[in-house]
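Read the structure below first, then the notes.
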Amino acid sequence: MSKSISGENAPSQFKYIGKPRGTIDAPEKLKGQALYTADLQLPSMLHLRPVLSPHAHARIVSIDKEAALAVPGVRAVLDASDLTHWRKKAASRVGALLARGEVMFQGHPVAVVVGETPQAAWDGASAVDVDYEELDVVADIQTALKPGAPLVWPNGIPRDESDVSGDHGAVEKGESDAASLPPNVHSMNSYTRGEVEEGFAEADVVLERNYRTGIVHQGYMEPQVCVASPDPMGIMTIYTSTQGPRTVHKDVSRLLDLPHTKVKVVPMVIGGGFGGKHGMLEPLAAAVALEMKAPVKLELTRTEDFMTSMPAPAAEVWLKMGVKQDGIICAIQARIDVDNGVFAAAWWSGLLAQLMTSGYRTPHLKIDCREVVTHKPMAGAYRAPTAQTASFAMESHMDELARSLKLDPLEFRLQNAAGSGDLMSNGNPWPSLGLKECLTTLKESELWQQRQTNENEGWGIAVGLWPCGVSPASAVCRMLPNGNVQVQVGSVDISGINSGFVQIVAEVLSIDPSKVEIIQVDSHAGPVAPPSGGSQVSYSLAGAISGATRNVKDQLAKLAAEHFEAAEQDLVFEEGSVHVNGLPSKAISLAELASQAESRKGGAGPVIATSSNSIQENAPAVAVHAVKVVVDLETGKVSPKNYIAVQDVGFAINPMLIEGQVQGGVLQGLGWGLWEEMPYDAQGQLLASNFLDYAMPRADDSVFVDAVLVENPSPLGPLGIRGVGEPPIVPGGAAVANAVREVTGVRFEQLPIRPQALWKAMNS
């Protein structure tokens, strides 16, 4: 269930927006008619199978291709030296097409086998014989930072123009002096406000702890897959399961030295991404397609996907806070280390710092951030990247401080909650923040007011923040002579955003939503749009769509005014037609107006408009969650029983779709808290590389979610909307940890809280 708590300035009295409607693509997906990348079969298409390194760090002594080339149907076995179009030294995962002389993580592709069939490519890859000389492995943050530790990059850590975190539009990349960095540290940054030691001297209670979260996979159902097809005109077309077609376009162009105009990325229906599909395989597939002069398909298995793709990073946080007896926070100090894997083309620790320490006011603050490199795959984004760790550390700390002061945990948070204009850790003011509103809404909610606990049950609460990205965007809208409306966008629909766009267009033109078609255009010809990440697409693009549609409406109004010989302000748009106010029987359809404009000699021409939008400020979103758990004291199993999820959505264009986002995010957050982690041993070997070994929430682990949507309009977003996709996943792990603490008295400083670990802690 869900209910909305409307802000005083929230839009109201709409016919289509603000109302629950199903997704426009649900029927074709339910019927199995959606075309995914793996479904593509192009004429003369070849199939690729990567040869992956079994070692986390080794020198490639030799690659024997002879047996593989003898396999029937194998057309080629290519290593790095065979890719003549690859011009860049690898400095990020997307640029690490194939290993050159040395493998840097388990799963690092060494060669790729080209087969006429998938089976031929598979058999050929199994026959490739690679001789390795194993080298020292740096498998985790602690090992990397030890004095005298082996260097992951003895000749200096490579640096790249790409930035995975930048695709989320939510944080600026940090700057560092590479010459002054410690070994195995890619970059460092610090945030300071006031004098932190003075703040601790004023405190009545000072608490410091260490927190850790592990590597977590995005858990998408469809593994990484793409098809690359060169044509006789020299255009490389990439069909791919991606959240960021423009990012893929740029990467393929720069890595293979192809003119920007000679690359076209066609985003396909995507079988889940959650931040993990901003580009990885496409440059390799394109490079092989250029060598073979034929289309190729590269589709990873589940195990290959786990070994080679870019999961959420492990992170370690040392957090120290000082609080006065009256509950006022007077100092926060933190040290944050993020495991970037072998490449560090992101600024995750800075984002983590802002999310962890910006939700509560303090006059004194000092945070030191480090991006650490290890012999593991490059870290990437997972729905609200780093925010889960930020929430876990800060919210665990807030609960412990409240206990020390004998304060109510919710009231303690309300007392210190930041609001609009308060400073974030980077020194910038929050543009608008609904944290207090969400905490108050939880406090006043019926389920919270009537909460009860039985034996071995307890409630935990936690706050999650997300800045929500923002990027320039544009859209094209056209009224067709048949009465339908086409809207062209360059974004990827991964969470139902197109369904919301349909409602906006229908509202502006007063037409039935079934008449609106959202067309996803390829990167070669499509309008500018942000990648689908960072909860930024609706916030960035809805204004452009609304602007283009209003322009079309203005053109139709002018045509109708000429038709009726009336003033435009006297016209009424209604049910796909327009009439003079008070004369509905004399209406003319929008289809007829568009048809006359296009078909008449000397007519006005096609009714079409383009609009661009560039919002200059983020619209942060807040989620406040409360969960009741029951703990089996004999086994340590934790089972969520009730869940309240309060979220500031600005304005709910489609409450039903937002509720779906909240429910899915809650389950993923519980995964962070109770099940999910990709463990590596000291030799950099992944110990859980498929869904059999990697524990995730199942259907029977789901929980009733009371979703409460707070409508606190953003001052700049179209209709007052805010991004909604990221925040629901953020506070779950922290809320579970606080609930477990309530039941057992055990404070976990590491996620996930697995049964065996909890049982051991309870019985130690």
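Each chain in the structure tokens gets a letter, A, B, ..., in the order shown, and its residues are numbered from 1; ligands are numbered from 1 in order too.
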Please run DSSP on the backbone and report, as a PyMOL selection string, all residues within segment 88-207 of chain A that come out as strand (DSSP E). chain A and resi 102-103+109-115+129-134+185-193+205-207
Limited to N, CA and C atoms, could you put the picked residues into a file as a PDB file, in the first residue's frame?
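Saved as again.pdb:
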```pdb
ATOM      1  N   GLU A 102      50.074  -8.798 -18.899  1.00  0.00           N
ATOM      2  CA  GLU A 102      49.881  -9.022 -17.472  1.00  0.00           C
ATOM      3  C   GLU A 102      48.390  -8.959 -17.151  1.00  0.00           C
ATOM      4  N   VAL A 103      47.905  -9.935 -16.387  1.00  0.00           N
ATOM      5  CA  VAL A 103      46.511  -9.905 -15.940  1.00  0.00           C
ATOM      6  C   VAL A 103      46.467  -9.263 -14.564  1.00  0.00           C
ATOM      7  N   PRO A 109      40.025 -10.521 -19.171  1.00  0.00           N
ATOM      8  CA  PRO A 109      40.047 -11.199 -20.470  1.00  0.00           C
ATOM      9  C   PRO A 109      41.450 -11.192 -21.081  1.00  0.00           C
ATOM     10  N   VAL A 110      41.892 -12.372 -21.497  1.00  0.00           N
ATOM     11  CA  VAL A 110      43.223 -12.537 -22.088  1.00  0.00           C
ATOM     12  C   VAL A 110      43.126 -12.633 -23.608  1.00  0.00           C
ATOM     13  N   ALA A 111      42.083 -13.279 -24.070  1.00  0.00           N
ATOM     14  CA  ALA A 111      41.867 -13.459 -25.509  1.00  0.00           C
ATOM     15  C   ALA A 111      40.373 -13.607 -25.739  1.00  0.00           C
ATOM     16  N   VAL A 112      39.989 -13.547 -27.001  1.00  0.00           N
ATOM     17  CA  VAL A 112      38.598 -13.769 -27.353  1.00  0.00           C
ATOM     18  C   VAL A 112      38.558 -14.697 -28.557  1.00  0.00           C
ATOM     19  N   VAL A 113      37.701 -15.705 -28.477  1.00  0.00           N
ATOM     20  CA  VAL A 113      37.549 -16.678 -29.552  1.00  0.00           C
ATOM     21  C   VAL A 113      36.331 -16.301 -30.382  1.00  0.00           C
ATOM     22  N   VAL A 114      36.507 -16.303 -31.697  1.00  0.00           N
ATOM     23  CA  VAL A 114      35.438 -15.954 -32.626  1.00  0.00           C
ATOM     24  C   VAL A 114      34.948 -17.230 -33.288  1.00  0.00           C
ATOM     25  N   GLY A 115      33.669 -17.531 -33.106  1.00  0.00           N
ATOM     26  CA  GLY A 115      33.117 -18.757 -33.667  1.00  0.00           C
ATOM     27  C   GLY A 115      31.915 -18.503 -34.544  1.00  0.00           C
ATOM     28  N   ASP A 129      45.297 -22.405 -24.605  1.00  0.00           N
ATOM     29  CA  ASP A 129      46.223 -22.751 -23.522  1.00  0.00           C
ATOM     30  C   ASP A 129      47.082 -21.527 -23.192  1.00  0.00           C
ATOM     31  N   VAL A 130      46.870 -20.978 -22.007  1.00  0.00           N
ATOM     32  CA  VAL A 130      47.621 -19.797 -21.575  1.00  0.00           C
ATOM     33  C   VAL A 130      48.564 -20.197 -20.447  1.00  0.00           C
ATOM     34  N   ASP A 131      49.821 -19.845 -20.597  1.00  0.00           N
ATOM     35  CA  ASP A 131      50.828 -20.112 -19.565  1.00  0.00           C
ATOM     36  C   ASP A 131      51.039 -18.831 -18.759  1.00  0.00           C
ATOM     37  N   TYR A 132      50.854 -18.927 -17.438  1.00  0.00           N
ATOM     38  CA  TYR A 132      50.964 -17.767 -16.563  1.00  0.00           C
ATOM     39  C   TYR A 132      52.120 -17.931 -15.580  1.00  0.00           C
ATOM     40  N   GLU A 133      52.699 -16.811 -15.192  1.00  0.00           N
ATOM     41  CA  GLU A 133      53.626 -16.759 -14.064  1.00  0.00           C
ATOM     42  C   GLU A 133      52.952 -15.920 -12.980  1.00  0.00           C
ATOM     43  N   GLU A 134      52.535 -16.567 -11.896  1.00  0.00           N
ATOM     44  CA  GLU A 134      51.784 -15.869 -10.860  1.00  0.00           C
ATOM     45  C   GLU A 134      52.650 -14.825 -10.151  1.00  0.00           C
ATOM     46  N   VAL A 185      47.184   4.118  -3.678  1.00  0.00           N
ATOM     47  CA  VAL A 185      46.094   5.078  -3.514  1.00  0.00           C
ATOM     48  C   VAL A 185      46.009   5.916  -4.786  1.00  0.00           C
ATOM     49  N   HIS A 186      44.855   5.856  -5.425  1.00  0.00           N
ATOM     50  CA  HIS A 186      44.656   6.564  -6.687  1.00  0.00           C
ATOM     51  C   HIS A 186      44.439   8.054  -6.473  1.00  0.00           C
ATOM     52  N   SER A 187      43.671   8.407  -5.447  1.00  0.00           N
ATOM     53  CA  SER A 187      43.378   9.809  -5.192  1.00  0.00           C
ATOM     54  C   SER A 187      42.930   9.982  -3.747  1.00  0.00           C
ATOM     55  N   MET A 188      43.064  11.201  -3.260  1.00  0.00           N
ATOM     56  CA  MET A 188      42.685  11.547  -1.892  1.00  0.00           C
ATOM     57  C   MET A 188      41.988  12.901  -1.897  1.00  0.00           C
ATOM     58  N   ASN A 189      41.147  13.088  -0.915  1.00  0.00           N
ATOM     59  CA  ASN A 189      40.525  14.398  -0.749  1.00  0.00           C
ATOM     60  C   ASN A 189      40.108  14.560   0.705  1.00  0.00           C
ATOM     61  N   SER A 190      39.933  15.789   1.129  1.00  0.00           N
ATOM     62  CA  SER A 190      39.530  16.065   2.507  1.00  0.00           C
ATOM     63  C   SER A 190      38.460  17.144   2.516  1.00  0.00           C
ATOM     64  N   TYR A 191      37.594  17.063   3.518  1.00  0.00           N
ATOM     65  CA  TYR A 191      36.583  18.091   3.753  1.00  0.00           C
ATOM     66  C   TYR A 191      36.737  18.560   5.196  1.00  0.00           C
ATOM     67  N   THR A 192      36.776  19.860   5.399  1.00  0.00           N
ATOM     68  CA  THR A 192      36.995  20.400   6.739  1.00  0.00           C
ATOM     69  C   THR A 192      36.067  21.584   6.982  1.00  0.00           C
ATOM     70  N   ARG A 193      35.527  21.635   8.192  1.00  0.00           N
ATOM     71  CA  ARG A 193      34.739  22.792   8.625  1.00  0.00           C
ATOM     72  C   ARG A 193      35.000  22.996  10.116  1.00  0.00           C
ATOM     73  N   VAL A 205      29.762  13.213  25.222  1.00  0.00           N
ATOM     74  CA  VAL A 205      29.899  11.819  24.796  1.00  0.00           C
ATOM     75  C   VAL A 205      30.656  11.803  23.477  1.00  0.00           C
ATOM     76  N   VAL A 206      31.703  10.993  23.398  1.00  0.00           N
ATOM     77  CA  VAL A 206      32.464  10.817  22.161  1.00  0.00           C
ATOM     78  C   VAL A 206      32.468   9.331  21.828  1.00  0.00           C
ATOM     79  N   LEU A 207      32.098   9.011  20.601  1.00  0.00           N
ATOM     80  CA  LEU A 207      32.022   7.609  20.172  1.00  0.00           C
ATOM     81  C   LEU A 207      32.784   7.443  18.871  1.00  0.00           C
TER      82      LEU A 207
END
```
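Running DSSP on the backbone gives alpha helix (DSSP H) for these residues within segment 119-233 of chain A: A:Gln119, A:Ala120, A:Ala121, A:Trp122, A:Asp123, A:Gly124, A:Ala125, A:Ser126, A:Ala127, A:Ile141, A:Gln142, A:Thr143, A:Ala144, A:Leu145, A:Val196, A:Glu197, A:Glu198, A:Gly199, A:Phe200, A:Ala201, A:Glu202.
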For the selection you just gave me, I'd like the residues written to a file as a compact mmCIF listing (two decimals), in the first residue's frame, keeping C-alpha atoms.
```
# COMPACT_ATOMS: atom_id res chain seq x y z
CA GLN A 119 29.17 -23.71 -29.23
CA ALA A 120 32.16 -23.38 -31.54
CA ALA A 121 33.28 -20.26 -29.68
CA TRP A 122 32.81 -22.03 -26.35
CA ASP A 123 34.78 -25.10 -27.43
CA GLY A 124 37.50 -22.92 -28.89
CA ALA A 125 37.85 -20.90 -25.68
CA SER A 126 38.21 -24.12 -23.69
CA ALA A 127 41.07 -25.16 -25.99
CA ILE A 141 42.17 -2.42 1.39
CA GLN A 142 44.15 -3.45 4.45
CA THR A 143 46.76 -5.28 2.38
CA ALA A 144 47.03 -2.40 -0.08
CA LEU A 145 47.73 0.15 2.64
CA VAL A 196 37.16 19.30 14.98
CA GLU A 197 39.34 18.94 18.11
CA GLU A 198 37.57 21.91 19.68
CA GLY A 199 34.27 20.21 18.95
CA PHE A 200 35.32 16.99 20.66
CA ALA A 201 36.56 18.96 23.67
CA GLU A 202 33.05 20.42 24.03
```
Neighbour list for Met310 of chain A as a PyMOL selection string, cut-off 12 Å, only C-alpha atoms, skip fewer than 5 positions in-chain: chain A and resi 92-94+105+107-108+164+215-219+224+273-281+304-305+339-346+376-382+385+678
Show which residues sit within 8 Å of Ala739 of chain A, as a list in words. Count only C-alpha atoms, and ignore same-chain residues fewer than 3 positions away. Gly458, Trp459, Gly460, Ile461, Val627, Lys628, Val629, Ala735, Val736, Glu742 and Val743 of chain A
For segment 554-556 of chain A: contacts at 12 Å, only C-alpha atoms, fewer than 2 positions along chain excluded, given as a compact mmCIF listing (two decimals) with N, CA and C atoms, in the first residue's frame:
```txt
# COMPACT_ATOMS: atom_id res chain seq x y z
N CYS A 477 8.85 16.74 -29.90
CA CYS A 477 7.44 16.33 -29.84
C CYS A 477 6.77 16.67 -31.18
N ARG A 478 5.95 15.73 -31.67
CA ARG A 478 5.25 15.95 -32.94
C ARG A 478 3.82 15.43 -32.85
N MET A 479 2.88 16.26 -33.29
CA MET A 479 1.49 15.83 -33.42
C MET A 479 1.29 15.27 -34.82
N LEU A 480 0.89 14.01 -34.92
CA LEU A 480 0.72 13.35 -36.21
C LEU A 480 -0.67 13.60 -36.77
N PRO A 481 -0.82 13.48 -38.07
CA PRO A 481 -2.14 13.69 -38.69
C PRO A 481 -3.20 12.69 -38.24
N GLY A 483 -3.69 11.91 -35.15
CA GLY A 483 -4.09 12.24 -33.79
C GLY A 483 -3.17 11.71 -32.71
N VAL A 508 -0.71 17.76 -20.83
CA VAL A 508 -0.51 19.05 -21.49
C VAL A 508 -1.48 19.21 -22.66
N LEU A 509 -1.66 18.15 -23.45
CA LEU A 509 -2.47 18.24 -24.67
C LEU A 509 -3.92 17.81 -24.47
N GLY A 547 8.19 21.11 -22.19
CA GLY A 547 8.39 22.30 -23.00
C GLY A 547 8.09 22.07 -24.47
N ALA A 548 8.56 20.94 -25.01
CA ALA A 548 8.29 20.62 -26.41
C ALA A 548 6.80 20.42 -26.64
N THR A 549 6.14 19.75 -25.69
CA THR A 549 4.71 19.50 -25.83
C THR A 549 3.91 20.79 -25.74
N ARG A 550 4.30 21.68 -24.86
CA ARG A 550 3.60 22.97 -24.76
C ARG A 550 3.79 23.80 -26.04
N ASN A 551 4.95 23.69 -26.65
CA ASN A 551 5.18 24.37 -27.91
C ASN A 551 4.24 23.83 -28.99
N VAL A 552 4.10 22.51 -29.02
CA VAL A 552 3.16 21.89 -29.97
C VAL A 552 1.74 22.37 -29.69
N LYS A 558 -2.80 28.14 -32.26
CA LYS A 558 -2.77 29.15 -33.32
C LYS A 558 -3.57 28.68 -34.53
N LEU A 559 -3.41 27.40 -34.89
CA LEU A 559 -4.17 26.86 -36.02
C LEU A 559 -5.66 26.86 -35.73
N ALA A 560 -6.02 26.48 -34.50
CA ALA A 560 -7.44 26.44 -34.13
C ALA A 560 -8.03 27.85 -34.09
N ALA A 561 -7.26 28.81 -33.61
CA ALA A 561 -7.75 30.19 -33.56
C ALA A 561 -8.06 30.70 -34.96
N GLU A 562 -7.20 30.35 -35.92
CA GLU A 562 -7.46 30.74 -37.31
C GLU A 562 -8.69 30.03 -37.85
N HIS A 563 -8.84 28.76 -37.49
CA HIS A 563 -9.99 27.98 -37.96
C HIS A 563 -11.30 28.56 -37.44
N GLU A 568 -6.98 32.96 -29.09
CA GLU A 568 -6.39 31.74 -28.53
C GLU A 568 -6.79 31.54 -27.07
N GLN A 569 -6.90 32.62 -26.33
CA GLN A 569 -7.24 32.48 -24.91
C GLN A 569 -8.67 32.00 -24.69
N LEU A 571 -9.91 29.39 -26.29
CA LEU A 571 -9.97 27.99 -26.72
C LEU A 571 -9.85 27.04 -25.54
N VAL A 572 -10.50 25.89 -25.69
CA VAL A 572 -10.47 24.83 -24.67
C VAL A 572 -10.00 23.54 -25.33
N PHE A 573 -8.91 22.96 -24.81
CA PHE A 573 -8.44 21.65 -25.27
C PHE A 573 -9.09 20.58 -24.40
N GLY A 576 -8.69 15.30 -26.91
CA GLY A 576 -8.11 15.18 -28.24
C GLY A 576 -8.68 16.14 -29.26
N SER A 577 -9.38 17.14 -28.80
CA SER A 577 -9.92 18.15 -29.72
C SER A 577 -9.84 19.51 -29.06
N VAL A 578 -10.25 20.54 -29.81
CA VAL A 578 -10.22 21.90 -29.29
C VAL A 578 -11.48 22.61 -29.75
N HIS A 579 -12.04 23.43 -28.86
CA HIS A 579 -13.24 24.18 -29.23
C HIS A 579 -13.22 25.53 -28.54
N ILE A 588 -12.99 20.87 -33.20
CA ILE A 588 -12.20 20.26 -34.26
C ILE A 588 -11.12 19.41 -33.61
N SER A 589 -10.87 18.25 -34.17
CA SER A 589 -9.89 17.35 -33.57
C SER A 589 -8.47 17.85 -33.80
N LEU A 590 -7.59 17.49 -32.88
CA LEU A 590 -6.18 17.84 -33.05
C LEU A 590 -5.61 17.12 -34.27
N ALA A 591 -6.14 15.94 -34.56
CA ALA A 591 -5.69 15.20 -35.74
C ALA A 591 -5.99 15.99 -37.01
N GLU A 592 -7.18 16.57 -37.08
CA GLU A 592 -7.56 17.34 -38.26
C GLU A 592 -6.69 18.59 -38.40
N LEU A 593 -6.41 19.25 -37.30
CA LEU A 593 -5.55 20.43 -37.36
C LEU A 593 -4.16 20.06 -37.86
N ALA A 594 -3.61 18.96 -37.35
CA ALA A 594 -2.27 18.52 -37.78
C ALA A 594 -2.29 18.10 -39.23
N SER A 595 -3.36 17.43 -39.65
CA SER A 595 -3.47 16.97 -41.04
C SER A 595 -3.54 18.15 -42.00
N GLN A 596 -4.35 19.15 -41.66
CA GLN A 596 -4.45 20.33 -42.51
C GLN A 596 -3.11 21.07 -42.60
N ALA A 597 -2.41 21.14 -41.49
CA ALA A 597 -1.13 21.85 -41.48
C ALA A 597 -0.11 21.19 -42.38
N ALA A 604 0.74 25.39 -42.64
CA ALA A 604 1.73 25.77 -41.62
C ALA A 604 2.89 24.79 -41.54
N GLY A 605 2.70 23.58 -42.05
CA GLY A 605 3.75 22.57 -41.98
C GLY A 605 3.57 21.67 -40.77
N PRO A 606 4.41 20.65 -40.64
CA PRO A 606 4.28 19.70 -39.54
C PRO A 606 4.26 20.40 -38.18
N VAL A 607 3.40 19.89 -37.32
CA VAL A 607 3.31 20.43 -35.96
C VAL A 607 4.35 19.70 -35.11
N ILE A 608 5.50 20.30 -34.97
CA ILE A 608 6.63 19.65 -34.32
C ILE A 608 7.43 20.70 -33.55
N ALA A 609 8.03 20.28 -32.45
CA ALA A 609 8.79 21.23 -31.63
C ALA A 609 9.89 20.51 -30.89
```
